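S.K.: One structure coming up, written as structure tokens, with questions to follow.
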Protein chains: 2
Amino acid sequence: MSELFVRTLRDDPSDAEVASHRWLVRAGYIRRVAPGIYSWLPLGLKVMAKVEQIIREEMTAAGAQEVRFPALLPREPYEATGRWTEYGDGIFRLRDRKDADYLLGPTHEEIFALTVKDLYSSYKDLPLTLFQVQTKYRDEARPRAGLLRGREFVMKDAYSFDVDEAGLARSYAVQRAAYQRIFDRLGFEYVVVKAMSGAMGGSMSEEFLALSPIGEDTFVRSPGGYAANVEAVTVPVPDPVDATGVPAAHVEATPGSPTIETLVAALNADHPREDRPWEAADTLKNVLFVVTRPDGTREELAVGLPGDRDVDPKRLEAQLGEGAVFAPFAEADFARHTQLVKGYIGPGVLGSEGPTGIRYLLDPRVVDGTAWVTGADEADRHVLHLVKGRDFTADGVIEVAEVRAGDPAPDGSGPLELARGIEMGHIFALGTKYSDALGLKVLDPNGKLVTVQMGSYGVGVSRAVAAVAEAGCDEKGLCWPRELAPYAVTVVATGKGDEPLEVATGIATALAEQGIDVLLDDRKASPGVKFADSEVLGMPTVVVVGRGLADGVVEVRDRRSGDRVEVAVESAVAHLLDLLR
Amino acid sequence: MSELFVRTLRDDPSDAEVASHRWLVRAGYIRRVAPGIYSWLPLGLKVMAKVEQIIREEMTAAGAQEVRFPALLPREPYEATGRWTEYGDGIFRLRDRKDADYLLGPTHEEIFALTVKDLYSSYKDLPLTLFQVQTKYRDEARPRAGLLRGREFVMKDAYSFDVDEAGLARSYAVQRAAYQRIFDRLGFEYVVVKAMSGAMGGSMSEEFLALSPIGEDTFVRSPGGYAANVEAVTVPVPDPVDATGVPAAHVEATPGSPTIETLVAALNADHPREDRPWEAADTLKNVLFVVTRPDGTREELAVGLPGDRDVDPKRLEAQLGEGAVFAPFAEADFARHTQLVKGYIGPGVLGSEGPTGIRYLLDPRVVDGTAWVTGADEADRHVLHLVKGRDFTADGVIEVAEVRAGDPAPDGSGPLELARGIEMGHIFALGTKYSDALGLKVLDPNGKLVTVQMGSYGVGVSRAVAAVAEAGCDEKGLCWPRELAPYAVTVVATGKGDEPLEVATGIATALAEQGIDVLLDDRKASPGVKFADSEVLGMPTVVVVGRGLADGVVEVRDRRSGDRVEVAVESAVAHLLDLLR
């Protein structure tokens, strides 16, 4: 400890939003170099190396072969698959001295596909799974929470190659099982959720989320075992309704009712229902957006959804595809369409066939036969009993309404509850998106060229360090599980004279000779400083050699539980070896 | 082998200039992604991991602590030390989405210095040596020879921090000794040469060169043990000469003599010496350059040197400092100075006090009292007996004349011989260049702030793989030393029926159980293909299980010597274990 390159800090770093970030910096495991970019000091690097080792062992056991591809990649392959553009501002781009375009790789589907194409040509060569542990880059808009959302980070990414879909399903299942073993060994609570596959494309995709209240990913789960992130949740589509008895649509005055709240009040005041009061869910809200695609094209979009739900920005973003950004209609946008009366917009002016020509998509709950109160496209007026299918139509359906606790699971497995998690792994059955774009084909047993089926599989290695820290730390500092701790034991020498340090050194040396990673606190510092530091640094077992020596004992503390036992000096090493094995 | 991600190629890659590049690609160890940027396939990565392991062990044994710093680095610290500009086109620069400037780190002196400044404040904290094994970037003008001069490459870089120069000298010596152990273990022939420290600054610097005819670095050595790269060679300065008897300088007609060759001919024809013929070494050649500094400023420079030597561009580059480029005077440059008569330029018009104002530097051999034939600043005329100190002076001295075999070593240890090497390591006693620029100071025992003394120490990890390959390969393929081979043994099954593969599998399994890395060639391919591949891949020992089985024997081949011995099947494993341990 007197030589180790580490310093504990008394104060929280000013930019720390979450406990793992705070303690990893305060305990001297990492240091910030720039937003989302960190240096790994000796203790942090030791933890990351242990995470890497677990992942490497499980990947190798799953039959994947390790390679290492460059981080600096040429533009062309990413151009071929469209990702050069799709990533928008999300990747780092640069030019070399000859003005050739490069990027810092966010993931490596393209280069792996091209390399397999270069080496392999027959179904006999497959299946194949390759992996790497490598530094990756994303130019995040809001790097946050220390290592949890960085701009330079370490990932394990793996890619599978199969001759057909059945093979892909097998490779996917093998990786999925390996991921479960990895996350079991990393020792945090996690859930596997269905995911939208986003920029990766592909037909099937699951995320491994570490359960955590500070997680960026909201997911849902049902008592019956359904689990998905909110982007992937689908609404169980109701059957069409028989609208035979619904009165004809009619426009009514609803003065001063440009919001759902004011509309419901106006309806109940001036146009009361007989059976029950009007509710927000009886109204159809039409929300307008301007969508900008990564290639710069703009599109206007109207979304119609029940008035009791808002559009969830993350679900909308997921539906629009990677790199697209959206903004609510601004005054200038309204100004382009004189037919749009703000606060009173109805289906009558929307739709690609309508007067504005704005594409109009509906929430799946707005099925044929359902009747709605919605804008009459005149100030202070709404239309009642407007029936979908009878009185209006739209260009299609979109899944962007917020998901709420209590909503039914799409598979009928009960009401959903919402929770938060940190995305630790993501696996994708990509299919042929990349192999099609890059011409990755092999000869099948009949001598025909078939397009290779790909999968891709990622684990955030540096993020795992933060997630484990987040799950384990307490108000005193870090607290590592035994398999990931930089050192299994801290031996703290306290008190006057040479004896404490001599005994502590003896214990530390004996443990080290048995292959145990030991940190000896040999500093000339007060017991208080040493105890506090041992708690901040978070090794799972702390041995205190000091006052007890008068009675021939040392104290063995468990960092997590705080339990303390006294052990005779002579049997301390044997006791610790028992404990640690 | 039937599952390993590898393919051997029959043909040389079109861009391969050197054997290691050719064979690493043909044997499927690496693949080119872009100029100077490579992917590491499984076999290549295994070799690199073994190189890394050797380096890590020796660094740790030398007391250095491992860290990992980012590759993506902010501009500011490099601005503070001047390297942002000094590197010129030699580094990759980029901007993030907020238009902040970043670079891809070529070396990390700045960030290490800042991190030590952040954590440490007292002489008690020092000495400290940190190291990392990390991916680095340089935008080389001419990436070449595969891994030997790449644009993305793996380096081990270490940095030492000491409170005074004596401490730096100790840290430097410790690293130097560790480097010798590393290169001894890597197993190639190397030499330690004095070096110019270039962009790093600092007072002392040595290179570790692997002896190789394809090396980019020319170095010199003497029988007495002097060794230096050509940039660092200094000319032993002769004593001043007594010019008492030298006639007065006088201008003579030398028609048609704008070159040294034509001048010597003209002198011998029209103005013969009595004692011996005129030689090129009697003439003083004045060469003009335009130097452009990394900050864009231009300077004109004249170099005067004996007519029998040329200016060595590498030595000139080294003298000008990192990032400066130079070009010979062009017509436009001459046009600016009407006093300059091309082919007949003499000291009379040069020098910062002279009519042209061009800075004029002399080779160290041009000492006071020496007499020269040089240009008379008129067409077809030269001046004879022009004596340095008596008839002309200059602004200073510059060490840029070519070094030749037979030149005396600067330390008097005998005549120099020239050889070529690959730069494998470079160690620098930096002194306070970086700590001054970045304010890295600690309190000394008297409570005074002192600037920390730094050293930096680099080994090319990916380059070492190529250098070992280069030193070992032959006309049949790669040939690895045992400590670095991806597999210690290839077991090749050949011939008909199941028996060869069964016996081969048995031997391979038994070896693997003993911890030996074994590659089993279980492919359905002809013996010829398998033998050729085993030679291309280059594992040090090859076991052939085939025809000999009829007599109960297998053949054990040594890849390097080609020696073959037959061993009874039953004792094959024991024989191999003996051989390999």
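Convention: chains lettered A, B, ... in structure tokens order; per-chain residue numbering from 1; ligands numbered from 1 as shown.
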Select residues of chain B: the criterion is any atom within 6 Å of an atom of chain A, counting only C-alpha atoms; output as a list of chain:residue names.
M.R.: B:Arg7, B:Ser39, B:Trp40, B:Leu41, B:Pro42, B:Glu66, B:Val67, B:Arg68, B:Phe69, B:Pro70, B:Leu94, B:Leu119
S.K.: Near stretch 519-522 of chain A, counting only C-alpha atoms, which residues have an atom at most 10 Å away, once you skip same-chain residues fewer than 4 positions from it, shown as number ranges by chain?
M.R.: A: 1-4, 486-494, 500-502, 504-505, 507-509, 512, 530-531, 533-534, 539, 542-544
S.K.: Could you take the residues named above and write them with C-alpha atoms, as an mmCIF file, in the first residue's frame?
M.R.:
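Below you can see out-v1.cif, which holds the result:
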data_model
loop_
_atom_site.group_PDB
_atom_site.id
_atom_site.type_symbol
_atom_site.label_atom_id
_atom_site.label_comp_id
_atom_site.auth_asym_id
_atom_site.auth_seq_id
_atom_site.Cartn_x
_atom_site.Cartn_y
_atom_site.Cartn_z
ATOM 1 C CA MET A 1 0.000 0.000 0.000
ATOM 2 C CA SER A 2 2.930 2.337 0.595
ATOM 3 C CA GLU A 3 4.025 1.743 -3.008
ATOM 4 C CA LEU A 4 0.697 1.134 -4.760
ATOM 5 C CA PRO A 486 -8.314 -6.778 -6.938
ATOM 6 C CA TYR A 487 -7.024 -8.370 -3.731
ATOM 7 C CA ALA A 488 -8.756 -11.046 -1.702
ATOM 8 C CA VAL A 489 -7.440 -9.635 1.577
ATOM 9 C CA THR A 490 -6.171 -6.372 3.001
ATOM 10 C CA VAL A 491 -3.816 -6.887 5.944
ATOM 11 C CA VAL A 492 -3.721 -3.717 8.040
ATOM 12 C CA ALA A 493 -0.859 -3.147 10.455
ATOM 13 C CA THR A 494 -1.683 -0.665 13.245
ATOM 14 C CA PRO A 500 2.388 -5.150 14.160
ATOM 15 C CA LEU A 501 4.095 -4.594 10.820
ATOM 16 C CA GLU A 502 6.276 -7.668 11.275
ATOM 17 C CA ALA A 504 1.204 -8.375 9.284
ATOM 18 C CA THR A 505 4.033 -8.853 6.806
ATOM 19 C CA ILE A 507 0.698 -13.166 7.367
ATOM 20 C CA ALA A 508 0.645 -11.359 4.013
ATOM 21 C CA THR A 509 3.738 -13.193 2.798
ATOM 22 C CA ALA A 512 0.874 -14.648 -1.087
ATOM 23 C CA LYS A 530 -6.202 2.780 7.474
ATOM 24 C CA PHE A 531 -9.564 1.336 8.550
ATOM 25 C CA ASP A 533 -9.293 3.248 3.462
ATOM 26 C CA SER A 534 -9.769 -0.505 3.801
ATOM 27 C CA MET A 539 -11.455 -5.920 -0.462
ATOM 28 C CA VAL A 542 -9.709 -7.266 6.147
ATOM 29 C CA VAL A 543 -7.196 -8.537 8.701
ATOM 30 C CA VAL A 544 -6.311 -6.072 11.460
#
S.K.: Could you pull the residues within 9 Å of B:Val311, counting only C-alpha atoms, minus those fewer than 2 positions along the same chain, as an NGL selection string?
M.R.: :B and (287 or 303 or 305 or 309 or 313-316 or 400-402)
S.K.: Near A:Thr374, within 7 Å and counting only C-alpha atoms, which residues show up once chain neighbours fewer than 6 positions away are dropped, as a list in words?
M.R.: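 Contacts, with the query itself left out: Thr283, Leu284, Lys285, Gly346, His382, Val383 and Leu384 of chain A.
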S.K.: Kindly save the residues from that selection, with all heavy atoms included, as a PDB file, in the first residue's frame.
M.R.:
ATOM      1  N   THR A 283     -60.754  10.271 -25.531  1.00  0.00           N
ATOM      2  CA  THR A 283     -60.341  11.249 -26.545  1.00  0.00           C
ATOM      3  C   THR A 283     -59.186  10.687 -27.393  1.00  0.00           C
ATOM      4  O   THR A 283     -58.443   9.813 -26.939  1.00  0.00           O
ATOM      5  CB  THR A 283     -59.871  12.564 -25.888  1.00  0.00           C
ATOM      6  OG1 THR A 283     -58.649  12.301 -25.181  1.00  0.00           O
ATOM      7  CG2 THR A 283     -60.913  13.089 -24.903  1.00  0.00           C
ATOM      8  N   LEU A 284     -59.090  11.202 -28.569  1.00  0.00           N
ATOM      9  CA  LEU A 284     -57.999  10.821 -29.481  1.00  0.00           C
ATOM     10  C   LEU A 284     -57.097  12.050 -29.654  1.00  0.00           C
ATOM     11  O   LEU A 284     -57.526  13.073 -30.178  1.00  0.00           O
ATOM     12  CB  LEU A 284     -58.556  10.389 -30.836  1.00  0.00           C
ATOM     13  CG  LEU A 284     -57.524   9.987 -31.874  1.00  0.00           C
ATOM     14  CD1 LEU A 284     -56.827   8.690 -31.468  1.00  0.00           C
ATOM     15  CD2 LEU A 284     -58.186   9.818 -33.246  1.00  0.00           C
ATOM     16  N   LYS A 285     -55.870  11.888 -29.157  1.00  0.00           N
ATOM     17  CA  LYS A 285     -54.903  12.996 -29.188  1.00  0.00           C
ATOM     18  C   LYS A 285     -54.047  12.846 -30.431  1.00  0.00           C
ATOM     19  O   LYS A 285     -53.582  11.736 -30.736  1.00  0.00           O
ATOM     20  CB  LYS A 285     -54.051  12.874 -27.918  1.00  0.00           C
ATOM     21  CG  LYS A 285     -52.891  13.785 -27.812  1.00  0.00           C
ATOM     22  CD  LYS A 285     -52.478  13.967 -26.353  1.00  0.00           C
ATOM     23  CE  LYS A 285     -51.749  12.742 -25.800  1.00  0.00           C
ATOM     24  NZ  LYS A 285     -51.299  12.952 -24.414  1.00  0.00           N
ATOM     25  N   GLY A 346     -57.601  17.264 -35.856  1.00  0.00           N
ATOM     26  CA  GLY A 346     -58.333  16.003 -35.986  1.00  0.00           C
ATOM     27  C   GLY A 346     -57.854  15.212 -37.174  1.00  0.00           C
ATOM     28  O   GLY A 346     -57.096  15.707 -38.002  1.00  0.00           O
ATOM     29  N   HIS A 382     -64.708  20.444 -31.128  1.00  0.00           N
ATOM     30  CA  HIS A 382     -64.297  19.056 -31.248  1.00  0.00           C
ATOM     31  C   HIS A 382     -65.405  18.255 -31.909  1.00  0.00           C
ATOM     32  O   HIS A 382     -66.560  18.669 -31.923  1.00  0.00           O
ATOM     33  CB  HIS A 382     -63.974  18.457 -29.868  1.00  0.00           C
ATOM     34  CG  HIS A 382     -62.604  18.841 -29.380  1.00  0.00           C
ATOM     35  ND1 HIS A 382     -62.346  20.016 -28.706  1.00  0.00           N
ATOM     36  CD2 HIS A 382     -61.404  18.195 -29.477  1.00  0.00           C
ATOM     37  CE1 HIS A 382     -61.052  20.098 -28.406  1.00  0.00           C
ATOM     38  NE2 HIS A 382     -60.458  19.001 -28.864  1.00  0.00           N
ATOM     39  N   VAL A 383     -65.007  17.109 -32.452  1.00  0.00           N
ATOM     40  CA  VAL A 383     -66.006  16.220 -33.043  1.00  0.00           C
ATOM     41  C   VAL A 383     -66.197  15.033 -32.100  1.00  0.00           C
ATOM     42  O   VAL A 383     -65.229  14.494 -31.547  1.00  0.00           O
ATOM     43  CB  VAL A 383     -65.607  15.797 -34.477  1.00  0.00           C
ATOM     44  CG1 VAL A 383     -64.225  15.166 -34.513  1.00  0.00           C
ATOM     45  CG2 VAL A 383     -66.633  14.855 -35.086  1.00  0.00           C
ATOM     46  N   LEU A 384     -67.481  14.653 -31.866  1.00  0.00           N
ATOM     47  CA  LEU A 384     -67.805  13.523 -30.986  1.00  0.00           C
ATOM     48  C   LEU A 384     -68.217  12.336 -31.844  1.00  0.00           C
ATOM     49  O   LEU A 384     -68.699  12.495 -32.977  1.00  0.00           O
ATOM     50  CB  LEU A 384     -68.950  13.903 -30.040  1.00  0.00           C
ATOM     51  CG  LEU A 384     -68.571  14.658 -28.736  1.00  0.00           C
ATOM     52  CD1 LEU A 384     -67.952  16.013 -29.048  1.00  0.00           C
ATOM     53  CD2 LEU A 384     -69.780  14.769 -27.810  1.00  0.00           C
TER      54      LEU A 384
END
S.K.: Would you return as a PyMOL selection string the members of stretch 10-256 of chain A that DSSP assigns to helix (DSSP H, G or I) on this structure's backbone?
M.R.: chain A and resi 19-26+42-61+75-81+83-86+88-90+109-119+123-125+146-148+165-186+198-200+230-232
S.K.: Just to be explicit: take each residue in the selection above, keep C-alpha atoms, and write the result as a PDB file, in the first residue's frame.
M.R.:
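Written file, part.pdb:
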ATOM      1  CA  ALA A  19     -22.536   5.506  -6.320  1.00  0.00           C
ATOM      2  CA  SER A  20     -20.253   3.318  -8.462  1.00  0.00           C
ATOM      3  CA  HIS A  21     -18.821   6.352 -10.206  1.00  0.00           C
ATOM      4  CA  ARG A  22     -18.329   8.171  -6.911  1.00  0.00           C
ATOM      5  CA  TRP A  23     -16.563   5.287  -5.204  1.00  0.00           C
ATOM      6  CA  LEU A  24     -14.481   4.098  -8.156  1.00  0.00           C
ATOM      7  CA  VAL A  25     -13.009   7.597  -8.360  1.00  0.00           C
ATOM      8  CA  ARG A  26     -12.735   8.158  -4.602  1.00  0.00           C
ATOM      9  CA  PRO A  42      -3.807  -0.356 -10.925  1.00  0.00           C
ATOM     10  CA  LEU A  43      -6.752  -1.429  -8.734  1.00  0.00           C
ATOM     11  CA  GLY A  44      -9.342  -0.767 -11.425  1.00  0.00           C
ATOM     12  CA  LEU A  45      -7.333  -2.572 -14.065  1.00  0.00           C
ATOM     13  CA  LYS A  46      -7.052  -5.633 -11.816  1.00  0.00           C
ATOM     14  CA  VAL A  47     -10.841  -5.835 -11.532  1.00  0.00           C
ATOM     15  CA  MET A  48     -11.291  -5.370 -15.269  1.00  0.00           C
ATOM     16  CA  ALA A  49      -8.713  -8.097 -15.952  1.00  0.00           C
ATOM     17  CA  LYS A  50     -10.714 -10.492 -13.785  1.00  0.00           C
ATOM     18  CA  VAL A  51     -13.932  -9.658 -15.621  1.00  0.00           C
ATOM     19  CA  GLU A  52     -12.121 -10.205 -18.933  1.00  0.00           C
ATOM     20  CA  GLN A  53     -10.814 -13.531 -17.735  1.00  0.00           C
ATOM     21  CA  ILE A  54     -14.277 -14.817 -16.829  1.00  0.00           C
ATOM     22  CA  ILE A  55     -15.626 -13.751 -20.205  1.00  0.00           C
ATOM     23  CA  ARG A  56     -12.668 -15.263 -22.059  1.00  0.00           C
ATOM     24  CA  GLU A  57     -13.071 -18.576 -20.247  1.00  0.00           C
ATOM     25  CA  GLU A  58     -16.768 -18.805 -21.008  1.00  0.00           C
ATOM     26  CA  MET A  59     -16.370 -17.746 -24.630  1.00  0.00           C
ATOM     27  CA  THR A  60     -13.657 -20.339 -25.163  1.00  0.00           C
ATOM     28  CA  ALA A  61     -15.759 -22.999 -23.425  1.00  0.00           C
ATOM     29  CA  ARG A  75     -15.416   4.016 -44.106  1.00  0.00           C
ATOM     30  CA  GLU A  76     -16.231   1.783 -47.068  1.00  0.00           C
ATOM     31  CA  PRO A  77     -17.658  -1.322 -45.344  1.00  0.00           C
ATOM     32  CA  TYR A  78     -19.813   0.848 -43.086  1.00  0.00           C
ATOM     33  CA  GLU A  79     -20.964   2.710 -46.164  1.00  0.00           C
ATOM     34  CA  ALA A  80     -21.967  -0.597 -47.779  1.00  0.00           C
ATOM     35  CA  THR A  81     -24.229  -1.503 -44.851  1.00  0.00           C
ATOM     36  CA  ARG A  83     -24.224   2.387 -40.873  1.00  0.00           C
ATOM     37  CA  TRP A  84     -21.778   5.179 -41.783  1.00  0.00           C
ATOM     38  CA  THR A  85     -24.885   7.352 -42.163  1.00  0.00           C
ATOM     39  CA  GLU A  86     -27.234   5.618 -39.715  1.00  0.00           C
ATOM     40  CA  GLY A  88     -25.397  10.039 -37.214  1.00  0.00           C
ATOM     41  CA  ASP A  89     -23.409  11.919 -34.581  1.00  0.00           C
ATOM     42  CA  GLY A  90     -23.042   8.742 -32.542  1.00  0.00           C
ATOM     43  CA  GLU A 109     -20.100  -6.647 -37.817  1.00  0.00           C
ATOM     44  CA  GLU A 110     -18.782  -5.366 -41.154  1.00  0.00           C
ATOM     45  CA  ILE A 111     -15.121  -6.229 -40.696  1.00  0.00           C
ATOM     46  CA  PHE A 112     -15.852  -9.663 -39.235  1.00  0.00           C
ATOM     47  CA  ALA A 113     -18.176 -10.444 -42.151  1.00  0.00           C
ATOM     48  CA  LEU A 114     -15.538  -9.321 -44.660  1.00  0.00           C
ATOM     49  CA  THR A 115     -12.802 -11.355 -42.993  1.00  0.00           C
ATOM     50  CA  VAL A 116     -14.923 -14.512 -42.966  1.00  0.00           C
ATOM     51  CA  LYS A 117     -15.719 -13.849 -46.621  1.00  0.00           C
ATOM     52  CA  ASP A 118     -11.982 -13.560 -47.265  1.00  0.00           C
ATOM     53  CA  LEU A 119     -11.092 -16.864 -45.559  1.00  0.00           C
ATOM     54  CA  TYR A 123     -20.715 -24.741 -45.633  1.00  0.00           C
ATOM     55  CA  LYS A 124     -18.076 -27.187 -44.352  1.00  0.00           C
ATOM     56  CA  ASP A 125     -16.241 -24.246 -42.753  1.00  0.00           C
ATOM     57  CA  GLY A 146     -18.690   7.186 -15.063  1.00  0.00           C
ATOM     58  CA  LEU A 147     -18.012   3.890 -16.753  1.00  0.00           C
ATOM     59  CA  LEU A 148     -21.704   3.125 -17.248  1.00  0.00           C
ATOM     60  CA  GLU A 165     -31.388 -20.195 -39.821  1.00  0.00           C
ATOM     61  CA  ALA A 166     -31.398 -23.394 -37.783  1.00  0.00           C
ATOM     62  CA  GLY A 167     -27.645 -23.030 -37.377  1.00  0.00           C
ATOM     63  CA  LEU A 168     -28.036 -19.397 -36.322  1.00  0.00           C
ATOM     64  CA  ALA A 169     -30.626 -20.450 -33.743  1.00  0.00           C
ATOM     65  CA  ARG A 170     -28.141 -22.988 -32.337  1.00  0.00           C
ATOM     66  CA  SER A 171     -25.256 -20.479 -32.258  1.00  0.00           C
ATOM     67  CA  TYR A 172     -27.535 -17.913 -30.621  1.00  0.00           C
ATOM     68  CA  ALA A 173     -28.601 -20.430 -27.977  1.00  0.00           C
ATOM     69  CA  VAL A 174     -24.971 -21.362 -27.244  1.00  0.00           C
ATOM     70  CA  GLN A 175     -24.019 -17.703 -26.773  1.00  0.00           C
ATOM     71  CA  ARG A 176     -27.125 -17.049 -24.692  1.00  0.00           C
ATOM     72  CA  ALA A 177     -26.169 -19.892 -22.356  1.00  0.00           C
ATOM     73  CA  ALA A 178     -22.580 -18.630 -22.156  1.00  0.00           C
ATOM     74  CA  TYR A 179     -23.915 -15.177 -21.240  1.00  0.00           C
ATOM     75  CA  GLN A 180     -25.967 -16.655 -18.424  1.00  0.00           C
ATOM     76  CA  ARG A 181     -22.832 -18.351 -17.070  1.00  0.00           C
ATOM     77  CA  ILE A 182     -20.854 -15.103 -17.377  1.00  0.00           C
ATOM     78  CA  PHE A 183     -23.441 -13.045 -15.526  1.00  0.00           C
ATOM     79  CA  ASP A 184     -23.905 -15.755 -12.899  1.00  0.00           C
ATOM     80  CA  ARG A 185     -20.147 -15.635 -12.247  1.00  0.00           C
ATOM     81  CA  LEU A 186     -20.046 -11.836 -12.196  1.00  0.00           C
ATOM     82  CA  GLY A 198     -32.068  -0.974 -33.280  1.00  0.00           C
ATOM     83  CA  ALA A 199     -29.149  -0.194 -35.571  1.00  0.00           C
ATOM     84  CA  MET A 200     -28.056  -3.810 -35.698  1.00  0.00           C
ATOM     85  CA  VAL A 230     -40.063  -0.759 -23.099  1.00  0.00           C
ATOM     86  CA  GLU A 231     -38.995  -0.228 -26.683  1.00  0.00           C
ATOM     87  CA  ALA A 232     -39.894  -3.849 -27.476  1.00  0.00           C
TER      88      ALA A 232
END
S.K.: May I have all residues of stretch 298-453 of chain A that DSSP, computed from the backbone, assigns to strand (DSSP E or B), given as a PyMOL selection string?
M.R.: chain A and resi 298-306+311+325-328+359-362+371-378+381-388+392+396-397+401+408+415+417-431+441-443+449-451+453
S.K.: Would you mind listing what lies within 10 Å of B:Ser121 as a compact mmCIF listing (two decimals) with N, CA and C atoms, in the first residue's frame, with only C-alpha atoms counted and same-chain residues fewer than 5 positions away left out?
M.R.:
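Okay, out33.txt is ready:
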# COMPACT_ATOMS: atom_id res chain seq x y z
N VAL B 116 -0.13 11.57 -12.31
CA VAL B 116 0.75 11.54 -11.14
C VAL B 116 0.62 12.86 -10.36
N LEU B 126 7.66 8.89 -4.26
CA LEU B 126 8.50 8.48 -5.38
C LEU B 126 9.65 7.61 -4.88
N LEU B 440 4.24 19.44 -12.97
CA LEU B 440 4.34 18.27 -12.08
C LEU B 440 5.50 18.46 -11.11
N LYS B 441 5.16 18.86 -9.87
CA LYS B 441 6.16 19.11 -8.84
C LYS B 441 5.77 18.35 -7.57
N VAL B 442 6.77 18.04 -6.76
CA VAL B 442 6.47 17.47 -5.44
C VAL B 442 7.32 18.21 -4.40
N LEU B 443 6.92 18.05 -3.17
CA LEU B 443 7.71 18.64 -2.08
C LEU B 443 8.91 17.75 -1.80
N ASP B 444 10.09 18.35 -1.69
CA ASP B 444 11.27 17.57 -1.35
C ASP B 444 11.40 17.50 0.18
N LEU B 449 9.24 22.84 -3.32
CA LEU B 449 8.70 22.21 -4.52
C LEU B 449 9.82 21.96 -5.52
S.K.: Using only C-alpha atoms, which of B:Val465, B:Ile427, B:Val573, B:Leu361 sits nearest B:Gly304?
M.R.: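 Looking at the shortest contact to B:Gly304, the residue is B:Leu361.
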S.K.: Give me the residues near B:Gly562 as a PyMOL selection string, where near means some atom within 10 Å (using only C-alpha atoms) and where sequence neighbours in that chain fewer than 5 positions away do not count.
M.R.: chain B and resi 535+541-542+556-557
S.K.: Next, dump the selected residues to file, keeping only all heavy atoms, as a compact mmCIF listing (two decimals), in the first residue's frame.
M.R.:
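What landed in again-v3.txt:
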# COMPACT_ATOMS: atom_id res chain seq x y z
N GLU B 535 4.59 -26.44 -42.29
CA GLU B 535 5.80 -25.63 -42.44
C GLU B 535 5.47 -24.14 -42.55
O GLU B 535 6.17 -23.30 -42.00
CB GLU B 535 6.60 -26.12 -43.65
CG GLU B 535 7.29 -27.44 -43.29
CD GLU B 535 7.99 -28.12 -44.45
OE1 GLU B 535 7.55 -27.94 -45.60
OE2 GLU B 535 8.96 -28.85 -44.17
N THR B 541 7.73 -27.93 -33.45
CA THR B 541 7.82 -29.39 -33.56
C THR B 541 6.60 -29.92 -34.32
O THR B 541 5.48 -29.49 -34.06
CB THR B 541 7.87 -30.02 -32.15
OG1 THR B 541 9.03 -29.51 -31.47
CG2 THR B 541 7.95 -31.54 -32.23
N VAL B 542 6.85 -30.84 -35.25
CA VAL B 542 5.77 -31.44 -36.02
C VAL B 542 5.83 -32.95 -35.83
O VAL B 542 6.89 -33.55 -35.99
CB VAL B 542 5.90 -31.10 -37.53
CG1 VAL B 542 4.75 -31.72 -38.32
CG2 VAL B 542 5.95 -29.59 -37.73
N VAL B 556 8.96 -37.46 -35.65
CA VAL B 556 9.02 -36.16 -34.97
C VAL B 556 9.99 -35.28 -35.75
O VAL B 556 11.17 -35.63 -35.90
CB VAL B 556 9.46 -36.30 -33.50
CG1 VAL B 556 9.56 -34.92 -32.85
CG2 VAL B 556 8.49 -37.19 -32.73
N ARG B 557 9.47 -34.18 -36.28
CA ARG B 557 10.28 -33.28 -37.10
C ARG B 557 10.57 -31.99 -36.35
O ARG B 557 9.69 -31.43 -35.69
CB ARG B 557 9.54 -32.91 -38.39
CG ARG B 557 9.23 -34.07 -39.28
CD ARG B 557 8.55 -33.56 -40.55
NE ARG B 557 8.24 -34.69 -41.43
CZ ARG B 557 7.62 -34.58 -42.60
NH1 ARG B 557 7.22 -33.39 -43.02
NH2 ARG B 557 7.38 -35.64 -43.33
S.K.: Skipping near chain neighbours, those fewer than 2 positions away, what residues fall within 12 Å of A:Trp372 using only C-alpha atoms, listed as a PyMOL selection string?
M.R.: chain A and resi 243+246-251+278-286+304-307+346-347+365-370+374-376+382-392
S.K.: For the atom pair atom CA of A:Ala371 and atom CA of A:Pro240, what is the interatomic distance in Å to one decimal place?
M.R.: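 Going from atom CA of A:Ala371 over to atom CA of A:Pro240 covers 11.2 Å.
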S.K.: To one decimal in Å, tell me the separation between atom CA of B:Ser14 and atom CA of B:Ala471.
M.R.: 21.4 Å
